[in-house]
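Asker: Just dropping this structure here.
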Amino acid sequence: MSQHTRRGRIGSQTAKRQPSIQRSGSPTGQEVSMALPSQCGNSSVPESDGMFFETFTALAGKQEIVRIKTKKKEDMNRDKTPPLETNIIGKQKGYQLSSKEFQLLYIEVLYTIKHKIGTTSGGHTPYIHDLYAYAQDSFGVSPEDHATLLARASEVKAPIVILNVSVVKAKNLEAKDANGFSDPYCMLGVIPASRLAEEEISDEEEKKNKKRNPLRKLSGSFKKKKAQKKKEGIPAKYIQTTTVKQETLNPVFNEKFRFDLEDVERDMLHLDIWDHDDESSVFDAAKKLNEVKGFKGLERVFKQIAQSARTSSSGNIDDFLGAVCFRLSDIPSTGIDEWVDLEARSTKSNVQGQIHLKLSLATREDRGIPEEDNWNDIRQHEDLMAIFIEHEIRQCQNDVYKWSGNLPQEATTILHQHAIQGDITDVQKSMCRWLSFSRKHMEHPIDYTFLLKLLQDLNDKWMPGSLSREEEESLTDSFLLFRDFCLALIRKQHDIFPPSNNAAFHRLEYMLRCLACMYKSKLFQKCCPFERDMQSEINHSIKKGTQAWYEHMSALVKPQVRDEDNILNSLVDLTNLVNMQLQKTVDYHNELYISTVGVKYFNLIYKQLDKFLSEALSPRLDNFNEGKSLLNIDNPVRIQMTVTSFELYLALKHFNIYRSHLTCEYEDQQLAQMYQWFKIAVQRWLTLAKLKLTSRIQRAVELDKEINMLEFGETVDSMVKHTTSAVDVCCSFSQVIEFWRQLAWPEAEDAYAFVMTMTDDLSTNAMFYADLMHTKLKNAGYYDEEGQFDITEQLCITINNIEQVRRTLVPLPDQLDYANIQNEMEKVHGDKVGSQARIALLNVIRNADANMINKIQQVTDRVADRMRPDIKKDVFHLCWAPESVPAQEAIHHLMEYLDSNLFTLNSNLLGSNFDRILSSIWVEVLEEINEVLDNEKVSNEGKTMLFYERLHDSLAILIEFFHAGQKGLEMDKLLCQQYKKLERKLSLHKMPTTKLIEKFYQEKVAEQEMATKSDLGLLNVRVHYRNGLLSIDVLNGQDIIPLDTNGLSDPYVVIQLLPQHVFPGEEEQQTKIKKKTLNPSFDETFEFSISPTQCQTDGATILFTVMDHDMLFSNDFAGEAYFPLNNIPGIENSPAFGQLREVALPLIRPHASETGSLPVLEARQSWDKEAAEFVKKRRTIEEKADSN
């Protein structure tokens, strides 16, 4: 048969193809395994059993779809307007003003605006008509009523304007005393406008008379008074003093004073600082102020007091330290708080330093009540602010929650004027802001961020004693109302603050922050000392709200028709709703409540919901534990109930997963053991699943058809052959595995039993499928000996399908989590039982895997067997080509044959199957070459080294061909035992004779090293190299074999350096003969003059031959030993002399070998003299050894 004809029988696709060894598919050689599109299967197969597996595995997906839809719906509300709180819990109506109170409050506002005091500063409006207009608009007063009420406000007596002065401290004053300090004090007073006018007239008269007074003005605004005219006394209320601060240049006073003003537009404040020597005289002089008469100007009064009160017995007068003067008309309504430079009285005065003053204006009315009692003003201030807030809320319409809480400039100006005219303190203003805003918040929800700022501001300004009893009582009511309002919101938070709404959840966060801020404040603790702690109140509200939510959800899912299936479905829906609520808790609420109010929100509701669900489920699911509801499970109605029950199981499993978020021990969890309700259901499902699998496999094989991979684009290689049955089987297996993965059975022993059943069912059905496919191929005539052998698609499809299904078993230990089962079994029963359980599971898979591989191997070996005759012919051509033909030409026919026939296999087979066939063909090629070498004809003809060298080169070409640049067989498969045997044989045959001899001694050294004991005894020696001499100490022998009739021997030792071509001219040496002993002691040293290079040559060896001396006959062979020279002390890179030690060499017996270098040398005897001589010597030694 010609080569052309022969190649056409097996594979004809040789033109324009990819390299035959490279695996088909992706360039990286990745294989198709379980990556086939699910559409590749035959839809009629799952339909044949009513989509049994698909129905169960879709349960988790169904629940996920519900969660996704719910989340999508929630996301649509993320940026919408949040639910209005008062629409859900109702408005909390607060105190309402009567008509008369409303009118009086409006008159008060008009009165405040009319008598506006202080200059206008930033943030306030200076226009009176704007203030009137805003008040009229806020109160909703008609123009006629406004005019009437304004007239009434104008009839009321104007208030008395008051100047509040706080002398805080001074710094860097001049030192007046000998000790380097001063004893400073302040005198201050108001210069009334009437006296300023008198002083101006007096000054004019004085100028006319050109008389000058020695006392100069303290500042540019003060003039000296004429002494001739007698004036009235200065009222004591106009001048006041601070205490004296001893020995300091930086006094701290912190003293407050109040002055009634005559004319705020023209009155002035004057202040002196003096250094005092006698503290008591200051107060005496101040008390006698009304007795001082006839002085010009307030500064004269100051000077007179200083002179009369500070003149000591020695005639000393207190020293002047500086002065300041303020025009009261320059004081803004917000007051002054600043450091002021001290001024001199004249250019001759030496003044330095600054003083810190706080100045503010206020008013008072003569109403017959103490000035300190401003409770009515505070109530009016709160009501006024509430009206302004209501007005601004009306402007916001439906977006009140967006309002920042900031009032317009007109409102803040009116409130500011009302506060300063009513002498309302900062803490009282903060209180009023909180009272009014928190009151309005319960009617129209305001931004909690703003409310939190109000609370913080109130807490910062409050000091013990800064509020009256009435004020604290008012705050108590406000705090408790706000708390109750917030707790009501918490109970309804599922409706009011959905976490999917950004604005709503932001409001919840800051509402909780408001509660936390309020409870932590010392003011709340002062006002509400007997209230329960915040966490207890919030915990109670959360529980109430959770219970209400659960009851509402239960009512929503309650079935109208209460049959068994509908009840189960309602329980599934309820559990899913609970799970979604728990997920929101984990994602949003828990962290929020912990960070803001320190409440472990998740712990509270999980325990509650666990109790509620358990009470709802227990009566129904107890039936499942008894198995009553699962009889006749193969009935469609019962199967649907089983589906629903497993859906409920998955929902409850999901519920239990949330238990990991608990931050405390919860031993009473009632649903932790819920899986026990479903144990019988799982057992019956597995029984039914095995039957369904077997039925599906039979149906899949019956309806089997080839897959047109071109329909699926680049998903898989279009030429790799598969059929629908493999896809159907793999998909069914994966659905069984997915079902178990979703179950995640928690109990160890049950899980082991279930997994063992599942593993056995899958393995049994996988082998069943392999048998069906193999039988199908056999029936197609694949194993028939007669007729032409063709590599058909049916062959490729069969082994591809079997391999595809086999691979589904490989990952089962991971997919079914054998390791976890082992760990759980070890916890319960110990390490041994756990290990045995895992081994038992793995053995089931191993047996099935081996069975299926065996099926595949039967097919692949058949391919190689049918190719063997053609391979044999091409190998014969390779071996018997003339020696002048290079390896590339000699192997051409074999390579062409392999390339053309492997292409079809490579194109249609999975990579692993192609590797199996490739491996079988590789072994066939190796065995054929080896068979040629072992052929007697080759040995007899005495082939030269060129013959073997060409075969060795051809073997390298074949390695490269089958490896195909890492895209063919892996190197560990190529370097199999057959290859190693052949490569070693060829390597030896192509060696020069000298190298073979060296190789022989290397082999003998290796044999020597392998010998640990010997029946021939031991020889003890010591060897080292020094100064060009090899020293060999032959020490003694032990247990030498007896070779004489007396049971003893006469041993001696022959020492040779070998190979001879390495040590030419080195004669052998021998020890003395030791008579009649089996343990001779030689203690002789022998020296050889050789070089280190000789010692390091491959195979350089000392041969010790032990002989038995015989007087009459030839000496007998007693044993030999080999000692390598390349690693003796004294040679480079060898042990040092300090490590010299005695070496015990087991004596060995030479023997004939069919492997190694000696048979190769023996094959060269006909044409190589050196080889012939060497073989002759070795055979002689072997004969002597054998004769003993």
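Residue numbering restarts at 1 in every chain; chains get A, B, ... in the order shown in the structure tokens, and ligands count up from 1 in that same order.
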Contacts of A:Val572 at 10 Å or less, counting only C-alpha atoms, minus same-chain residues fewer than 6 places along, as a PyMOL selection string?

Answerer: chain A and resi 63+557+566+578+644-652

Asker: List every residue of stretch 932-1170 of chain A that DSSP, applied to the backbone of this structure, assigns to strand (DSSP E or B), and report them as a PyMOL selection string.

Answerer: chain A and resi 1018-1026+1029-1038+1051-1058+1069-1070+1081-1089+1101-1108+1116-1124+1143-1146+1148

Asker: Print the selection's residues with C-alpha atoms to a file, as a PDB file, in the first residue's frame.

Answerer:
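Output below, filename result38.pdb:
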ATOM      1  CA  LEU A1018      33.648  -5.505  54.238  1.00  0.00           C
ATOM      2  CA  LEU A1019      36.905  -3.767  53.364  1.00  0.00           C
ATOM      3  CA  ASN A1020      37.921  -0.783  55.504  1.00  0.00           C
ATOM      4  CA  VAL A1021      40.088   1.853  53.787  1.00  0.00           C
ATOM      5  CA  ARG A1022      41.127   5.472  54.064  1.00  0.00           C
ATOM      6  CA  VAL A1023      41.992   7.661  51.044  1.00  0.00           C
ATOM      7  CA  HIS A1024      43.367  11.191  50.659  1.00  0.00           C
ATOM      8  CA  TYR A1025      45.365  13.304  48.218  1.00  0.00           C
ATOM      9  CA  ARG A1026      48.357  15.510  49.119  1.00  0.00           C
ATOM     10  CA  LEU A1029      50.328  11.835  45.703  1.00  0.00           C
ATOM     11  CA  LEU A1030      47.243   9.706  46.137  1.00  0.00           C
ATOM     12  CA  SER A1031      47.543   7.844  49.465  1.00  0.00           C
ATOM     13  CA  ILE A1032      45.477   4.718  50.003  1.00  0.00           C
ATOM     14  CA  ASP A1033      45.393   3.080  53.435  1.00  0.00           C
ATOM     15  CA  VAL A1034      44.126  -0.512  53.289  1.00  0.00           C
ATOM     16  CA  LEU A1035      43.237  -1.099  56.910  1.00  0.00           C
ATOM     17  CA  ASN A1036      41.445  -4.434  57.366  1.00  0.00           C
ATOM     18  CA  GLY A1037      38.754  -6.762  56.150  1.00  0.00           C
ATOM     19  CA  GLN A1038      35.761  -8.165  57.938  1.00  0.00           C
ATOM     20  CA  PRO A1051      43.184 -12.961  51.566  1.00  0.00           C
ATOM     21  CA  TYR A1052      45.087 -10.135  49.960  1.00  0.00           C
ATOM     22  CA  VAL A1053      43.918  -6.971  48.183  1.00  0.00           C
ATOM     23  CA  VAL A1054      44.765  -5.762  44.674  1.00  0.00           C
ATOM     24  CA  ILE A1055      44.568  -1.955  44.166  1.00  0.00           C
ATOM     25  CA  GLN A1056      44.025  -0.510  40.668  1.00  0.00           C
ATOM     26  CA  LEU A1057      43.370   3.009  39.355  1.00  0.00           C
ATOM     27  CA  LEU A1058      40.780   2.869  36.567  1.00  0.00           C
ATOM     28  CA  GLN A1069      49.612  -2.822  43.648  1.00  0.00           C
ATOM     29  CA  GLN A1070      48.665  -5.364  46.279  1.00  0.00           C
ATOM     30  CA  SER A1081      44.375  -6.733  59.284  1.00  0.00           C
ATOM     31  CA  PHE A1082      46.510  -5.213  56.510  1.00  0.00           C
ATOM     32  CA  ASP A1083      47.423  -1.702  57.732  1.00  0.00           C
ATOM     33  CA  GLU A1084      49.325  -0.927  54.563  1.00  0.00           C
ATOM     34  CA  THR A1085      49.636   2.338  52.633  1.00  0.00           C
ATOM     35  CA  PHE A1086      49.998   2.660  48.878  1.00  0.00           C
ATOM     36  CA  GLU A1087      50.858   5.803  46.916  1.00  0.00           C
ATOM     37  CA  PHE A1088      50.210   6.790  43.323  1.00  0.00           C
ATOM     38  CA  SER A1089      51.667   9.863  41.643  1.00  0.00           C
ATOM     39  CA  THR A1101      37.875   5.077  40.445  1.00  0.00           C
ATOM     40  CA  ILE A1102      39.950   2.926  42.785  1.00  0.00           C
ATOM     41  CA  LEU A1103      39.162  -0.752  42.315  1.00  0.00           C
ATOM     42  CA  PHE A1104      39.820  -2.915  45.367  1.00  0.00           C
ATOM     43  CA  THR A1105      39.791  -6.629  44.468  1.00  0.00           C
ATOM     44  CA  VAL A1106      40.003  -9.111  47.342  1.00  0.00           C
ATOM     45  CA  MET A1107      41.585 -12.434  46.317  1.00  0.00           C
ATOM     46  CA  ASP A1108      42.224 -15.734  48.104  1.00  0.00           C
ATOM     47  CA  ASP A1116      40.154 -17.299  43.916  1.00  0.00           C
ATOM     48  CA  PHE A1117      38.003 -14.125  43.615  1.00  0.00           C
ATOM     49  CA  ALA A1118      36.587 -13.028  46.973  1.00  0.00           C
ATOM     50  CA  GLY A1119      34.916  -9.715  46.084  1.00  0.00           C
ATOM     51  CA  GLU A1120      35.510  -6.208  44.777  1.00  0.00           C
ATOM     52  CA  ALA A1121      34.782  -2.628  45.833  1.00  0.00           C
ATOM     53  CA  TYR A1122      34.839   0.730  44.014  1.00  0.00           C
ATOM     54  CA  PHE A1123      35.903   4.054  45.512  1.00  0.00           C
ATOM     55  CA  PRO A1124      35.383   7.300  43.501  1.00  0.00           C
ATOM     56  CA  VAL A1143      35.386   4.049  54.992  1.00  0.00           C
ATOM     57  CA  ALA A1144      33.784   0.602  55.155  1.00  0.00           C
ATOM     58  CA  LEU A1145      33.223  -0.699  51.613  1.00  0.00           C
ATOM     59  CA  PRO A1146      30.808  -3.630  51.222  1.00  0.00           C
ATOM     60  CA  ILE A1148      30.242  -6.819  45.751  1.00  0.00           C
TER      61      ILE A1148
END

Asker: What does the distance between atom CA of A:Thr792 and atom CA of A:His963 come to in Å, to one decimal place?

Answerer: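 Separation of atom CA of A:Thr792 and atom CA of A:His963: 24.8 Å.
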
Asker: Would you pick out the contacts of A:Glu824 at 10 Å or less, using only C-alpha atoms, so that residues sharing its chain but fewer than 5 positions from it are not included, and give the list as a compact mmCIF listing (two decimals) with N, CA, C and O atoms, in the first residue's frame?

Answerer:
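Wrote result-v3.txt, looks like this:
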# COMPACT_ATOMS: atom_id res chain seq x y z
N PRO A 746 -27.07 22.53 58.00
CA PRO A 746 -26.14 22.90 59.08
C PRO A 746 -25.70 21.75 59.99
O PRO A 746 -24.69 21.89 60.69
N GLU A 747 -26.45 20.66 60.03
CA GLU A 747 -26.14 19.60 60.99
C GLU A 747 -25.21 18.57 60.36
O GLU A 747 -25.44 18.10 59.25
N ALA A 748 -24.12 18.23 61.06
CA ALA A 748 -23.01 17.47 60.47
C ALA A 748 -23.41 16.07 60.02
O ALA A 748 -23.15 15.68 58.87
N GLU A 749 -24.03 15.30 60.90
CA GLU A 749 -24.33 13.91 60.56
C GLU A 749 -25.35 13.81 59.42
O GLU A 749 -25.20 13.00 58.51
N ALA A 751 -25.87 16.10 57.18
CA ALA A 751 -25.20 16.60 55.98
C ALA A 751 -24.33 15.52 55.36
O ALA A 751 -24.30 15.36 54.13
N TYR A 752 -23.60 14.77 56.20
CA TYR A 752 -22.76 13.69 55.67
C TYR A 752 -23.61 12.63 54.96
O TYR A 752 -23.27 12.19 53.85
N TYR A 818 -16.72 18.90 51.04
CA TYR A 818 -16.30 17.76 51.86
C TYR A 818 -15.48 18.21 53.06
O TYR A 818 -15.57 17.62 54.14
N ALA A 819 -14.65 19.22 52.86
CA ALA A 819 -13.77 19.66 53.95
C ALA A 819 -14.58 20.13 55.16
O ALA A 819 -14.25 19.82 56.31
N HIS A 829 -17.45 13.74 66.46
CA HIS A 829 -17.02 12.36 66.68
C HIS A 829 -15.50 12.17 66.74
O HIS A 829 -15.05 11.04 66.91
N GLY A 830 -14.74 13.22 66.56
CA GLY A 830 -13.29 13.07 66.63
C GLY A 830 -12.65 13.05 65.25
O GLY A 830 -13.30 12.87 64.22
N ASP A 831 -11.32 13.21 65.24
CA ASP A 831 -10.57 13.31 63.99
C ASP A 831 -10.69 12.06 63.12
O ASP A 831 -10.79 12.14 61.90
N GLY A 834 -14.06 11.84 61.31
CA GLY A 834 -14.13 12.89 60.30
C GLY A 834 -13.30 12.56 59.08
O GLY A 834 -13.73 12.74 57.93

Asker: Write out as an mmCIF file with N, CA, C and O atoms, in the first residue's frame the residues lying within 9 Å of A:Gln547, counting only C-alpha atoms and excluding same-chain residues fewer than 4 positions away.

Answerer:
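What follows is the written file around39.cif:
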data_model
loop_
_atom_site.group_PDB
_atom_site.id
_atom_site.type_symbol
_atom_site.label_atom_id
_atom_site.label_comp_id
_atom_site.auth_asym_id
_atom_site.auth_seq_id
_atom_site.Cartn_x
_atom_site.Cartn_y
_atom_site.Cartn_z
ATOM 1 N N ILE A 542 -38.948 51.088 69.927
ATOM 2 C CA ILE A 542 -38.567 50.206 68.819
ATOM 3 C C ILE A 542 -39.364 48.907 68.879
ATOM 4 O O ILE A 542 -39.866 48.416 67.857
ATOM 5 N N LYS A 543 -39.480 48.349 70.064
ATOM 6 C CA LYS A 543 -40.222 47.094 70.204
ATOM 7 C C LYS A 543 -41.688 47.273 69.831
ATOM 8 O O LYS A 543 -42.265 46.438 69.130
ATOM 9 N N GLU A 551 -47.359 42.874 62.730
ATOM 10 C CA GLU A 551 -48.798 42.575 62.669
ATOM 11 C C GLU A 551 -49.398 43.090 61.361
ATOM 12 O O GLU A 551 -50.261 42.443 60.760
ATOM 13 N N HIS A 552 -48.922 44.244 60.916
ATOM 14 C CA HIS A 552 -49.421 44.801 59.657
ATOM 15 C C HIS A 552 -49.009 43.918 58.482
ATOM 16 O O HIS A 552 -49.825 43.629 57.589
ATOM 17 N N ILE A 605 -34.685 43.953 67.316
ATOM 18 C CA ILE A 605 -35.738 43.493 66.400
ATOM 19 C C ILE A 605 -35.511 42.046 65.975
ATOM 20 O O ILE A 605 -36.477 41.338 65.682
ATOM 21 N N GLN A 608 -37.141 39.887 68.554
ATOM 22 C CA GLN A 608 -38.595 39.986 68.445
ATOM 23 C C GLN A 608 -39.129 39.202 67.255
ATOM 24 O O GLN A 608 -40.057 38.410 67.372
ATOM 25 N N LEU A 609 -38.510 39.417 66.088
ATOM 26 C CA LEU A 609 -38.992 38.772 64.866
ATOM 27 C C LEU A 609 -38.791 37.263 64.922
ATOM 28 O O LEU A 609 -39.588 36.504 64.368
ATOM 29 N N PHE A 612 -41.764 36.083 66.893
ATOM 30 C CA PHE A 612 -43.013 36.186 66.132
ATOM 31 C C PHE A 612 -43.081 35.124 65.038
ATOM 32 O O PHE A 612 -44.123 34.464 64.856
#

Asker: List the spatial neighbours of A:His952 as number ranges by chain - criterion: any atom at most 9 Å away, only C-alpha atoms, same-chain residues fewer than 4 positions off excluded.

Answerer: A: 887, 947-948, 956-957, 982-983, 986-987, 990

Asker: As a ChimeraX atom specification, please: the residues near A:Arg1178 (cut-off 12 Å, only C-alpha atoms, same-chain neighbours under 5 positions excluded).

Answerer: /A:997,1000-1001,1149-1153,1158-1159,1161-1162,1171-1173,1183-1185
